[in-house]
file entry-v8.pdb (PDB, C-alpha atoms)
MODEL        1
ATOM      1  CA  ASP A 959     -78.185  34.685  61.201  1.00  0.00           C
ATOM      2  CA  ASP A 960     -81.066  35.474  58.833  1.00  0.00           C
ATOM      3  CA  ALA A 961     -79.540  38.765  57.690  1.00  0.00           C
ATOM      4  CA  TRP A 962     -76.312  37.045  56.696  1.00  0.00           C
ATOM      5  CA  TYR A 963     -78.126  34.325  54.711  1.00  0.00           C
ATOM      6  CA  LYS A 964     -80.262  36.995  53.053  1.00  0.00           C
ATOM      7  CA  GLU A 965     -77.142  38.945  52.058  1.00  0.00           C
ATOM      8  CA  ILE A 966     -75.530  35.823  50.633  1.00  0.00           C
ATOM      9  CA  GLY A 967     -78.712  35.044  48.692  1.00  0.00           C
ATOM     10  CA  VAL A 968     -78.896  38.552  47.239  1.00  0.00           C
ATOM     11  CA  THR A 969     -75.214  38.415  46.242  1.00  0.00           C
ATOM     12  CA  TYR A 970     -75.682  34.994  44.616  1.00  0.00           C
ATOM     13  CA  GLU A 971     -78.759  36.214  42.749  1.00  0.00           C
ATOM     14  CA  LYS A 972     -76.898  39.251  41.404  1.00  0.00           C
ATOM     15  CA  GLN A 973     -73.983  37.101  40.268  1.00  0.00           C
ATOM     16  CA  LEU A 974     -76.330  34.643  38.589  1.00  0.00           C
ATOM     17  CA  ILE A 975     -78.138  37.447  36.750  1.00  0.00           C
ATOM     18  CA  ALA A 976     -74.799  38.902  35.641  1.00  0.00           C
ATOM     19  CA  LEU A 977     -73.654  35.475  34.410  1.00  0.00           C
ATOM     20  CA  LEU A 978     -76.906  34.917  32.522  1.00  0.00           C
ATOM     21  CA  ASN A 979     -76.541  38.322  30.890  1.00  0.00           C
ATOM     22  CA  ILE A 980     -73.000  37.456  29.773  1.00  0.00           C
ATOM     23  CA  ILE A 981     -74.201  34.115  28.372  1.00  0.00           C
ATOM     24  CA  GLU A 982     -77.048  35.848  26.550  1.00  0.00           C
ATOM     25  CA  LEU A 983     -74.641  38.359  25.000  1.00  0.00           C
ATOM     26  CA  CYS A 984     -72.319  35.542  23.906  1.00  0.00           C
ATOM     27  CA  PHE A 985     -75.237  33.619  22.449  1.00  0.00           C
ATOM     28  CA  ARG A 986     -76.430  36.652  20.486  1.00  0.00           C
ATOM     29  CA  GLU A 987     -72.932  37.361  19.204  1.00  0.00           C
ATOM     30  CA  ILE A 988     -72.516  33.764  18.042  1.00  0.00           C
ATOM     31  CA  ASN A 989     -75.872  33.819  16.248  1.00  0.00           C
ATOM     32  CA  SER A 990     -74.959  37.129  14.609  1.00  0.00           C
ATOM     33  CA  GLN A 991     -71.627  35.757  13.386  1.00  0.00           C
ATOM     34  CA  LEU A 992     -73.298  32.577  12.126  1.00  0.00           C
ATOM     35  CA  ALA A 993     -75.866  34.594  10.174  1.00  0.00           C
ATOM     36  CA  SER A 994     -73.116  36.670   8.573  1.00  0.00           C
ATOM     37  CA  LEU A 995     -70.942  33.658   7.753  1.00  0.00           C
ATOM     38  CA  THR A 996     -73.867  31.693   6.322  1.00  0.00           C
ATOM     39  CA  LEU A 997     -74.715  34.615   4.047  1.00  0.00           C
ATOM     40  CA  ARG A 998     -71.093  34.898   2.905  1.00  0.00           C
ATOM     41  CA  PHE A 999     -70.995  31.153   2.265  1.00  0.00           C
ATOM     42  CA  GLY A1000     -74.104  31.291   0.083  1.00  0.00           C
ATOM     43  CA  ASN A1001     -72.873  34.349  -1.802  1.00  0.00           C
ATOM     44  CA  ASN A1002     -69.562  32.638  -2.534  1.00  0.00           C
ATOM     45  CA  VAL A1003     -71.352  29.563  -3.865  1.00  0.00           C
ATOM     46  CA  LEU A1004     -73.505  31.749  -6.103  1.00  0.00           C
ATOM     47  CA  LYS A1005     -70.506  33.756  -7.366  1.00  0.00           C
ATOM     48  CA  ALA A1006     -68.506  30.594  -8.048  1.00  0.00           C
ATOM     49  CA  THR A1007     -71.464  29.038  -9.865  1.00  0.00           C
ATOM     50  CA  ASN A1008     -71.897  32.154 -12.007  1.00  0.00           C
ATOM     51  CA  ALA A1009     -68.176  32.444 -12.740  1.00  0.00           C
ATOM     52  CA  VAL A1010     -67.861  29.315 -14.887  1.00  0.00           C
ATOM     53  CA  SER A1011     -69.833  28.176 -17.918  1.00  0.00           C
ATOM     54  CA  LEU A1012     -69.366  26.181 -21.115  1.00  0.00           C
ATOM     55  CA  ALA A1013     -69.981  27.917 -24.455  1.00  0.00           C
ATOM     56  CA  LEU A1014     -70.474  25.642 -27.461  1.00  0.00           C
ATOM     57  CA  SER A1015     -70.899  26.173 -31.173  1.00  0.00           C
ATOM     58  CA  GLU A1016     -73.711  24.919 -33.387  1.00  0.00           C
ATOM     59  CA  GLU A1017     -71.442  22.169 -34.652  1.00  0.00           C
ATOM     60  CA  GLN A1018     -70.454  21.056 -31.146  1.00  0.00           C
ATOM     61  CA  VAL A1019     -74.016  20.604 -29.906  1.00  0.00           C
ATOM     62  CA  LYS A1020     -75.339  18.943 -33.043  1.00  0.00           C
ATOM     63  CA  ASP A1021     -74.840  15.367 -31.887  1.00  0.00           C
ATOM     64  CA  LEU A1022     -74.559  15.771 -28.110  1.00  0.00           C
ATOM     65  CA  GLY A1023     -77.956  14.199 -27.402  1.00  0.00           C
ATOM     66  CA  HIS A1024     -79.742  17.135 -25.785  1.00  0.00           C
ATOM     67  CA  THR A1025     -83.469  17.674 -26.119  1.00  0.00           C
ATOM     68  CA  ALA A1026     -84.941  20.647 -27.968  1.00  0.00           C
ATOM     69  CA  ASP A1027     -85.980  22.254 -24.679  1.00  0.00           C
ATOM     70  CA  GLN A1028     -82.457  21.958 -23.291  1.00  0.00           C
ATOM     71  CA  LEU A1029     -80.988  23.516 -26.424  1.00  0.00           C
ATOM     72  CA  ASP A1030     -83.528  26.337 -26.275  1.00  0.00           C
ATOM     73  CA  ALA A1031     -82.509  27.041 -22.677  1.00  0.00           C
ATOM     74  CA  ALA A1032     -78.816  27.038 -23.675  1.00  0.00           C
ATOM     75  CA  ARG A1033     -79.569  29.469 -26.523  1.00  0.00           C
ATOM     76  CA  ASN A1034     -81.418  31.767 -24.148  1.00  0.00           C
ATOM     77  CA  ALA A1035     -78.528  31.651 -21.695  1.00  0.00           C
ATOM     78  CA  ALA A1036     -76.084  32.556 -24.468  1.00  0.00           C
ATOM     79  CA  SER A1037     -78.272  35.444 -25.607  1.00  0.00           C
ATOM     80  CA  ALA A1038     -78.508  36.797 -22.065  1.00  0.00           C
ATOM     81  CA  ASP A1039     -74.726  36.705 -21.538  1.00  0.00           C
ATOM     82  CA  THR A1040     -73.101  39.574 -23.411  1.00  0.00           C
ATOM     83  CA  SER A1041     -69.637  38.015 -23.032  1.00  0.00           C
ATOM     84  CA  CYS A1042     -70.645  34.737 -24.719  1.00  0.00           C
ATOM     85  CA  ASP A1043     -69.347  34.391 -28.277  1.00  0.00           C
ATOM     86  CA  GLN A1044     -71.111  31.096 -29.056  1.00  0.00           C
ATOM     87  CA  PRO A1045     -74.792  30.338 -29.708  1.00  0.00           C
ATOM     88  CA  TYR A1046     -75.117  27.877 -26.780  1.00  0.00           C
ATOM     89  CA  LEU A1047     -74.189  28.360 -23.143  1.00  0.00           C
ATOM     90  CA  PHE A1048     -74.376  25.692 -20.432  1.00  0.00           C
ATOM     91  CA  THR A1049     -73.916  26.809 -16.841  1.00  0.00           C
ATOM     92  CA  LEU A1050     -73.288  25.236 -13.432  1.00  0.00           C
ATOM     93  CA  HIS A1051     -76.787  26.086 -12.246  1.00  0.00           C
ATOM     94  CA  MET A1052     -78.723  22.881 -11.671  1.00  0.00           C
ATOM     95  CA  PRO A1053     -81.433  23.407 -14.377  1.00  0.00           C
ATOM     96  CA  SER A1054     -78.617  23.600 -16.941  1.00  0.00           C
ATOM     97  CA  TRP A1055     -75.929  21.401 -15.405  1.00  0.00           C
ATOM     98  CA  GLU A1056     -77.975  18.320 -14.487  1.00  0.00           C
ATOM     99  CA  PRO A1057     -79.592  17.798 -17.926  1.00  0.00           C
ATOM    100  CA  PHE A1058     -76.218  18.410 -19.563  1.00  0.00           C
ATOM    101  CA  MET A1059     -74.595  15.691 -17.473  1.00  0.00           C
ATOM    102  CA  GLN A1060     -77.456  13.275 -18.111  1.00  0.00           C
ATOM    103  CA  ASN A1061     -77.674  13.734 -21.866  1.00  0.00           C
ATOM    104  CA  CYS A1062     -74.300  14.827 -23.184  1.00  0.00           C
ATOM    105  CA  ASN A1063     -72.672  12.103 -25.297  1.00  0.00           C
ATOM    106  CA  ASP A1064     -69.215  13.658 -25.141  1.00  0.00           C
ATOM    107  CA  ARG A1065     -67.229  12.236 -22.214  1.00  0.00           C
ATOM    108  CA  LYS A1066     -64.645  15.024 -22.251  1.00  0.00           C
ATOM    109  CA  LEU A1067     -67.284  17.721 -21.998  1.00  0.00           C
ATOM    110  CA  ARG A1068     -68.998  15.844 -19.172  1.00  0.00           C
ATOM    111  CA  GLN A1069     -65.680  15.672 -17.335  1.00  0.00           C
ATOM    112  CA  ILE A1070     -65.094  19.414 -17.787  1.00  0.00           C
ATOM    113  CA  MET A1071     -68.518  20.269 -16.405  1.00  0.00           C
ATOM    114  CA  TRP A1072     -68.159  17.810 -13.522  1.00  0.00           C
ATOM    115  CA  GLU A1073     -64.779  19.183 -12.462  1.00  0.00           C
ATOM    116  CA  ASP A1074     -65.952  22.786 -12.737  1.00  0.00           C
ATOM    117  CA  TYR A1075     -68.961  21.993 -10.557  1.00  0.00           C
ATOM    118  CA  SER A1076     -66.980  19.977  -7.997  1.00  0.00           C
ATOM    119  CA  ASN A1077     -64.208  22.567  -7.648  1.00  0.00           C
ATOM    120  CA  ARG A1078     -66.391  25.552  -6.834  1.00  0.00           C
ATOM    121  CA  CYS A1079     -65.328  27.632  -3.804  1.00  0.00           C
ATOM    122  CA  ILE A1080     -61.892  26.033  -3.546  1.00  0.00           C
ATOM    123  CA  ASN A1081     -59.709  28.672  -5.189  1.00  0.00           C
ATOM    124  CA  ASP A1082     -61.732  31.754  -6.075  1.00  0.00           C
ATOM    125  CA  PHE A1083     -64.503  32.474  -3.574  1.00  0.00           C
ATOM    126  CA  ASP A1084     -62.871  30.019  -1.155  1.00  0.00           C
ATOM    127  CA  ASN A1085     -65.319  28.806   1.504  1.00  0.00           C
ATOM    128  CA  ARG A1086     -63.032  26.567   3.524  1.00  0.00           C
ATOM    129  CA  ALA A1087     -62.158  29.111   6.218  1.00  0.00           C
ATOM    130  CA  ILE A1088     -65.824  30.084   6.459  1.00  0.00           C
ATOM    131  CA  ILE A1089     -66.803  26.440   6.978  1.00  0.00           C
ATOM    132  CA  ASP A1090     -64.223  26.100   9.782  1.00  0.00           C
ATOM    133  CA  SER A1091     -65.629  29.184  11.498  1.00  0.00           C
ATOM    134  CA  ILE A1092     -69.224  27.984  11.183  1.00  0.00           C
ATOM    135  CA  VAL A1093     -68.353  24.572  12.625  1.00  0.00           C
ATOM    136  CA  ASN A1094     -66.516  26.087  15.603  1.00  0.00           C
ATOM    137  CA  LEU A1095     -69.262  28.613  16.347  1.00  0.00           C
ATOM    138  CA  ARG A1096     -71.945  25.936  16.181  1.00  0.00           C
ATOM    139  CA  LEU A1097     -69.997  23.823  18.655  1.00  0.00           C
ATOM    140  CA  GLU A1098     -69.513  26.806  20.987  1.00  0.00           C
ATOM    141  CA  ARG A1099     -73.231  27.592  20.890  1.00  0.00           C
ATOM    142  CA  ALA A1100     -74.166  23.981  21.592  1.00  0.00           C
ATOM    143  CA  ASN A1101     -71.757  23.860  24.557  1.00  0.00           C
ATOM    144  CA  ILE A1102     -73.254  27.029  26.017  1.00  0.00           C
ATOM    145  CA  LEU A1103     -76.677  25.374  25.904  1.00  0.00           C
ATOM    146  CA  GLY A1104     -75.354  22.217  27.558  1.00  0.00           C
ATOM    147  CA  TYR A1105     -74.945  19.960  24.518  1.00  0.00           C
ATOM    148  CA  VAL A1106     -71.778  18.094  23.578  1.00  0.00           C
ATOM    149  CA  SER A1107     -72.116  18.863  19.856  1.00  0.00           C
ATOM    150  CA  HIS A1108     -74.110  20.838  17.311  1.00  0.00           C
ATOM    151  CA  ALA A1109     -75.679  17.573  16.142  1.00  0.00           C
ATOM    152  CA  ALA A1110     -76.944  16.824  19.658  1.00  0.00           C
ATOM    153  CA  TYR A1111     -78.374  20.346  19.857  1.00  0.00           C
ATOM    154  CA  VAL A1112     -80.334  20.281  16.583  1.00  0.00           C
ATOM    155  CA  LEU A1113     -81.563  16.699  17.049  1.00  0.00           C
ATOM    156  CA  ASP A1114     -82.857  17.185  20.586  1.00  0.00           C
ATOM    157  CA  ASP A1115     -86.359  18.137  19.448  1.00  0.00           C
ATOM    158  CA  CYS A1116     -86.414  15.815  16.412  1.00  0.00           C
ATOM    159  CA  LEU A1117     -87.731  12.272  16.159  1.00  0.00           C
ATOM    160  CA  ALA A1118     -84.279  10.695  16.287  1.00  0.00           C
ATOM    161  CA  LYS A1119     -83.338  12.720  19.413  1.00  0.00           C
ATOM    162  CA  THR A1120     -79.628  11.788  19.381  1.00  0.00           C
ATOM    163  CA  PRO A1121     -76.735  11.520  16.891  1.00  0.00           C
ATOM    164  CA  GLU A1122     -76.335   7.892  17.915  1.00  0.00           C
ATOM    165  CA  ALA A1123     -79.869   7.105  16.746  1.00  0.00           C
ATOM    166  CA  VAL A1124     -79.186   8.801  13.421  1.00  0.00           C
ATOM    167  CA  TYR A1125     -75.981   6.839  12.909  1.00  0.00           C
ATOM    168  CA  LYS A1126     -77.809   3.598  13.678  1.00  0.00           C
ATOM    169  CA  CYS A1127     -80.463   4.412  11.070  1.00  0.00           C
ATOM    170  CA  LEU A1128     -77.788   5.240   8.500  1.00  0.00           C
ATOM    171  CA  MET A1129     -75.886   2.048   9.202  1.00  0.00           C
ATOM    172  CA  ASP A1130     -79.092   0.013   8.831  1.00  0.00           C
ATOM    173  CA  LEU A1131     -79.442   1.507   5.340  1.00  0.00           C
ATOM    174  CA  TRP A1132     -75.769   1.251   4.477  1.00  0.00           C
ATOM    175  CA  LYS A1133     -75.479  -2.447   3.593  1.00  0.00           C
ATOM    176  CA  PRO A1134     -78.454  -2.681   1.177  1.00  0.00           C
ATOM    177  CA  ALA A1135     -77.555   0.707  -0.327  1.00  0.00           C
ATOM    178  CA  LEU A1136     -73.946  -0.353  -0.865  1.00  0.00           C
ATOM    179  CA  LYS A1137     -75.073  -3.608  -2.479  1.00  0.00           C
ATOM    180  CA  LYS A1138     -77.303  -1.688  -4.913  1.00  0.00           C
ATOM    181  CA  ALA A1139     -74.560   0.828  -5.681  1.00  0.00           C
ATOM    182  CA  LYS A1140     -72.130  -1.968  -6.571  1.00  0.00           C
ATOM    183  CA  GLN A1141     -74.718  -3.520  -8.888  1.00  0.00           C
ATOM    184  CA  GLU A1142     -75.193  -0.196 -10.686  1.00  0.00           C
ATOM    185  CA  ARG A1143     -71.422   0.309 -10.892  1.00  0.00           C
ATOM    186  CA  ASP A1144     -71.002  -3.083 -12.540  1.00  0.00           C
ATOM    187  CA  GLU A1145     -73.835  -2.331 -14.960  1.00  0.00           C
ATOM    188  CA  TYR A1146     -72.229   0.966 -16.008  1.00  0.00           C
ATOM    189  CA  GLN A1147     -68.884  -0.783 -16.369  1.00  0.00           C
ATOM    190  CA  ARG A1148     -70.360  -3.400 -18.720  1.00  0.00           C
ATOM    191  CA  MET A1149     -71.950  -0.677 -20.884  1.00  0.00           C
ATOM    192  CA  LEU A1150     -68.699   1.268 -20.938  1.00  0.00           C
ATOM    193  CA  GLU A1151     -66.662  -1.759 -21.993  1.00  0.00           C
ATOM    194  CA  ALA A1152     -69.193  -2.521 -24.733  1.00  0.00           C
ATOM    195  CA  ASP A1153     -68.673   0.972 -26.153  1.00  0.00           C
ATOM    196  CA  LEU A1154     -65.002   1.703 -25.489  1.00  0.00           C
ATOM    197  CA  GLY A1155     -63.341  -1.536 -24.531  1.00  0.00           C
ATOM    198  CA  LYS A1156     -61.884  -2.049 -21.074  1.00  0.00           C
ATOM    199  CA  ASN A1157     -62.065   1.199 -19.102  1.00  0.00           C
ATOM    200  CA  THR A1158     -63.441   2.553 -15.864  1.00  0.00           C
ATOM    201  CA  THR A1159     -66.471   4.679 -15.081  1.00  0.00           C
ATOM    202  CA  ARG A1160     -65.817   8.207 -13.936  1.00  0.00           C
ATOM    203  CA  SER A1161     -67.259   9.887 -10.893  1.00  0.00           C
ATOM    204  CA  GLU A1162     -69.375  12.262 -12.973  1.00  0.00           C
ATOM    205  CA  GLU A1163     -71.012   9.305 -14.715  1.00  0.00           C
ATOM    206  CA  ARG A1164     -71.805   7.536 -11.461  1.00  0.00           C
ATOM    207  CA  ARG A1165     -73.127  10.793  -9.971  1.00  0.00           C
ATOM    208  CA  VAL A1166     -75.859  11.379 -12.523  1.00  0.00           C
ATOM    209  CA  GLY A1167     -76.514   7.791 -13.579  1.00  0.00           C
ATOM    210  CA  LYS A1168     -75.333   8.454 -17.114  1.00  0.00           C
ATOM    211  CA  GLU A1169     -75.569   5.517 -19.500  1.00  0.00           C
ATOM    212  CA  CYS A1170     -71.982   5.684 -20.654  1.00  0.00           C
ATOM    213  CA  ARG A1171     -72.489   6.149 -24.371  1.00  0.00           C
ATOM    214  CA  SER A1172     -69.650   8.186 -25.868  1.00  0.00           C
TER     215      SER A1172
ENDMDL
END
call {"tool": "encode", "arguments": {"input": "entry-v8.pdb", "output": "structure tokens"}}
result
Amino acid sequence: DDAWYKEIGVTYEKQLIALLNIIELCFREINSQLASLTLRFGNNVLKATNAVSLALSEEQVKDLGHTADQLDAARNAASADTSCDQPYLFTLHMPSWEPFMQNCNDRKLRQIMWEDYSNRCINDFDNRAIIDSIVNLRLERANILGYVSHAAYVLDDCLAKTPEAVYKCLMDLWKPALKKAKQERDEYQRMLEADLGKNTTRSEERRVGKECRS
């Protein structure tokens, strides 16, 4: 009868409200954890970047190929660091690191700076567990909202709309980009062989487009 259907409807409505409340609490908790983890991730990157630097003497920088402005910045960095015992200090922060990699004529020093930069947050200030947690929480949040992945969730209101569309765009760019990259690799290899004889280009030299003059 009508009373029975009304009772069922009221019960269903209460259960639905309770379920929505639970989902909302889960969603808030996930967002809170993501905010905390993202902050920890960024702090670890900053600490790891600050932890390593390269101090050089006047003699060492004399023929490295840096501009006057870059040397002035390195002098200022050395002056600001009370633990630095050399007149020049190059750091892993991009305004210092990128010009160093582009202009330094010493291959060994370039390799040191490249490896220091690439190995941040692997040992000290390790971010790997944080990354795993962020990935899992993003997936859980997307599933709660009805999406199969975090990518599908964030792309839903973007021009591409779906991960598949993004992959198609990337693959359309891949072949011409790969062709250009191989041309640049061969060009760097020819310059390297002209300077050092038969050798191979290193990843740090390909990364910054360094003309391999050692």
call {"tool": "resolve_selection", "arguments": {"input": "entry-v8.pdb", "expression": "the PyMOL selection byres ((chain A and resi 1065-1076) around 8)", "output": "list in words"}}
result
Thr1007, Val1010, Leu1012, Leu1050, Trp1055, Phe1058, Met1059, Cys1062, Asn1063, Asp1064, Asn1077, Arg1078, Glu1162 and Ser1172 of chain A
call {"tool": "resolve_selection", "arguments": {"input": "entry-v8.pdb", "expression": "the PyMOL selection byres ((chain A and resi 1089) around 12)", "output": "list in words"}}
result
Leu992, Leu995, Thr996, Leu997, Arg998, Phe999, Gly1000, Asn1002, Cys1079, Ile1080, Asp1084, Asn1085, Arg1086, Ala1087, Ile1088, Asp1090, Ser1091, Ile1092, Val1093, Asn1094, Leu1095 and Arg1096 of chain A
call {"tool": "closest_atom_pairs", "arguments": {"input": "entry-v8.pdb", "of": "stretch 1039-1122 of chain A", "to": "stretch 1028-1032 of chain A", "cutoff": "12 Å", "atoms": "only C-alpha atoms", "output": "tab-separated table"}}
result
residue	atom	partner	partner_atom	distance
A:Asp1039	CA	A:Ala1032	CA	10.7
A:Cys1042	CA	A:Ala1032	CA	11.3
A:Gln1044	CA	A:Ala1032	CA	10.2
A:Pro1045	CA	A:Ala1032	CA	8.0
A:Tyr1046	CA	A:Ala1032	CA	4.9
A:Leu1047	CA	A:Ala1032	CA	4.8
A:Phe1048	CA	A:Ala1032	CA	5.7
A:Thr1049	CA	A:Ala1032	CA	8.4
A:Leu1050	CA	A:Ala1032	CA	11.8
A:His1051	CA	A:Ala1032	CA	11.6
A:Pro1053	CA	A:Gln1028	CA	9.1
A:Ser1054	CA	A:Ala1032	CA	7.6
A:Trp1055	CA	A:Gln1028	CA	10.3
A:Glu1056	CA	A:Gln1028	CA	10.5
A:Pro1057	CA	A:Gln1028	CA	7.4
A:Phe1058	CA	A:Gln1028	CA	8.1
A:Met1059	CA	A:Gln1028	CA	11.6
A:Gln1060	CA	A:Gln1028	CA	11.3
A:Asn1061	CA	A:Gln1028	CA	9.6
A:Cys1062	CA	A:Gln1028	CA	10.8
call {"tool": "write_last_selection", "arguments": {"input": "entry-v8.pdb", "atoms": "C-alpha atoms", "output": "short mmCIF file (atom, residue, chain, number, x, y, z; two decimals), keeping the file's coordinate frame"}}
result
data_model
loop_
_atom_site.label_atom_id
_atom_site.label_comp_id
_atom_site.auth_asym_id
_atom_site.auth_seq_id
_atom_site.Cartn_x
_atom_site.Cartn_y
_atom_site.Cartn_z
CA ASP A 1039 -74.73 36.70 -21.54
CA CYS A 1042 -70.64 34.74 -24.72
CA GLN A 1044 -71.11 31.10 -29.06
CA PRO A 1045 -74.79 30.34 -29.71
CA TYR A 1046 -75.12 27.88 -26.78
CA LEU A 1047 -74.19 28.36 -23.14
CA PHE A 1048 -74.38 25.69 -20.43
CA THR A 1049 -73.92 26.81 -16.84
CA LEU A 1050 -73.29 25.24 -13.43
CA HIS A 1051 -76.79 26.09 -12.25
CA PRO A 1053 -81.43 23.41 -14.38
CA SER A 1054 -78.62 23.60 -16.94
CA TRP A 1055 -75.93 21.40 -15.40
CA GLU A 1056 -77.97 18.32 -14.49
CA PRO A 1057 -79.59 17.80 -17.93
CA PHE A 1058 -76.22 18.41 -19.56
CA MET A 1059 -74.60 15.69 -17.47
CA GLN A 1060 -77.46 13.28 -18.11
CA ASN A 1061 -77.67 13.73 -21.87
CA CYS A 1062 -74.30 14.83 -23.18
#
call {"tool": "atom_distance", "arguments": {"input": "entry-v8.pdb", "atom1": "atom CA of A:Glu1098", "atom2": "atom CA of A:Asn1001"}}
result
24.2 Å
call {"tool": "atom_distance", "arguments": {"input": "entry-v8.pdb", "atom1": "atom CA of A:Asn989", "atom2": "atom CA of A:His1108"}}
result
13.1 Å
call {"tool": "closest_residue", "arguments": {"input": "entry-v8.pdb", "among": "A:Met1052, A:Asp1082, A:Ile981, A:Gln1018", "to": "A:Ala1006", "atoms": "all atoms listed in the file"}}
result
A:Asp1082
call {"tool": "atom_distance", "arguments": {"input": "entry-v8.pdb", "atom1": "atom CA of A:Ser1107", "atom2": "atom CA of A:Pro1121"}}
result
9.2 Å
call {"tool": "residues_near_point", "arguments": {"input": "entry-v8.pdb", "point": "(-76.4, 17.8, 15.1)", "cutoff": "12 Å", "atoms": "all atoms listed in the file", "output": "VMD selection string"}}
result
chain A and resid 1093 1096 to 1097 1099 to 1100 1105 to 1116 1118 to 1125
call {"tool": "axis_aligned_box", "arguments": {"input": "entry-v8.pdb", "around": "stretch 1125-1129 of chain A", "padding_each_side": "3 Å", "output": "AutoDock Vina command-line options"}}
result
--center_x -78.2 --center_y 4.4 --center_z 11.1 --size_x 10.6 --size_y 10.8 --size_z 11.2
call {"tool": "decode", "arguments": {"input": "entry-v8.pdb", "residues": "stretch 1018-1032 of chain A", "atoms": "N, CA, C and O atoms", "output": "tab-separated table (two decimals), in the first residue's frame"}}
result
chain	number	residue	atom	x	y	z
A	1018	GLN	N	90.01	27.33	-10.97
A	1018	GLN	CA	89.12	26.37	-11.62
A	1018	GLN	C	88.13	27.03	-12.56
A	1018	GLN	O	87.76	26.45	-13.58
A	1019	VAL	N	87.68	28.23	-12.23
A	1019	VAL	CA	86.67	28.87	-13.07
A	1019	VAL	C	87.27	29.73	-14.18
A	1019	VAL	O	86.54	30.21	-15.05
A	1020	LYS	N	88.57	29.89	-14.16
A	1020	LYS	CA	89.22	30.84	-15.07
A	1020	LYS	C	88.90	30.56	-16.53
A	1020	LYS	O	88.62	31.47	-17.30
A	1021	ASP	N	88.93	29.32	-16.93
A	1021	ASP	CA	88.73	28.98	-18.34
A	1021	ASP	C	87.50	28.10	-18.58
A	1021	ASP	O	87.44	27.35	-19.55
A	1022	LEU	N	86.51	28.20	-17.71
A	1022	LEU	CA	85.33	27.34	-17.84
A	1022	LEU	C	84.33	27.84	-18.88
A	1022	LEU	O	83.45	27.11	-19.30
A	1023	GLY	N	84.43	29.10	-19.27
A	1023	GLY	CA	83.55	29.61	-20.32
A	1023	GLY	C	82.32	30.33	-19.84
A	1023	GLY	O	81.42	30.63	-20.62
A	1024	HIS	N	82.23	30.64	-18.54
A	1024	HIS	CA	81.06	31.32	-18.01
A	1024	HIS	C	81.13	32.82	-18.27
A	1024	HIS	O	82.20	33.41	-18.36
A	1025	THR	N	79.96	33.43	-18.37
A	1025	THR	CA	79.88	34.87	-18.58
A	1025	THR	C	80.17	35.59	-17.27
A	1025	THR	O	80.15	35.01	-16.18
A	1026	ALA	N	80.41	36.89	-17.36
A	1026	ALA	CA	80.69	37.69	-16.17
A	1026	ALA	C	79.51	37.68	-15.22
A	1026	ALA	O	79.68	37.61	-13.99
A	1027	ASP	N	78.30	37.74	-15.76
A	1027	ASP	CA	77.11	37.72	-14.91
A	1027	ASP	C	76.98	36.41	-14.14
A	1027	ASP	O	76.60	36.39	-12.96
A	1028	GLN	N	77.30	35.30	-14.81
A	1028	GLN	CA	77.22	34.00	-14.16
A	1028	GLN	C	78.26	33.88	-13.05
A	1028	GLN	O	77.98	33.33	-11.98
A	1029	LEU	N	79.44	34.42	-13.29
A	1029	LEU	CA	80.49	34.38	-12.27
A	1029	LEU	C	80.13	35.29	-11.09
A	1029	LEU	O	80.40	34.95	-9.94
A	1030	ASP	N	79.52	36.42	-11.38
A	1030	ASP	CA	79.07	37.31	-10.30
A	1030	ASP	C	78.04	36.60	-9.42
A	1030	ASP	O	78.08	36.70	-8.19
A	1031	ALA	N	77.11	35.90	-10.06
A	1031	ALA	CA	76.09	35.17	-9.30
A	1031	ALA	C	76.73	34.07	-8.45
A	1031	ALA	O	76.31	33.84	-7.31
A	1032	ALA	N	77.73	33.38	-9.00
A	1032	ALA	CA	78.42	32.33	-8.25
A	1032	ALA	C	79.20	32.92	-7.08
A	1032	ALA	O	79.27	32.31	-6.00
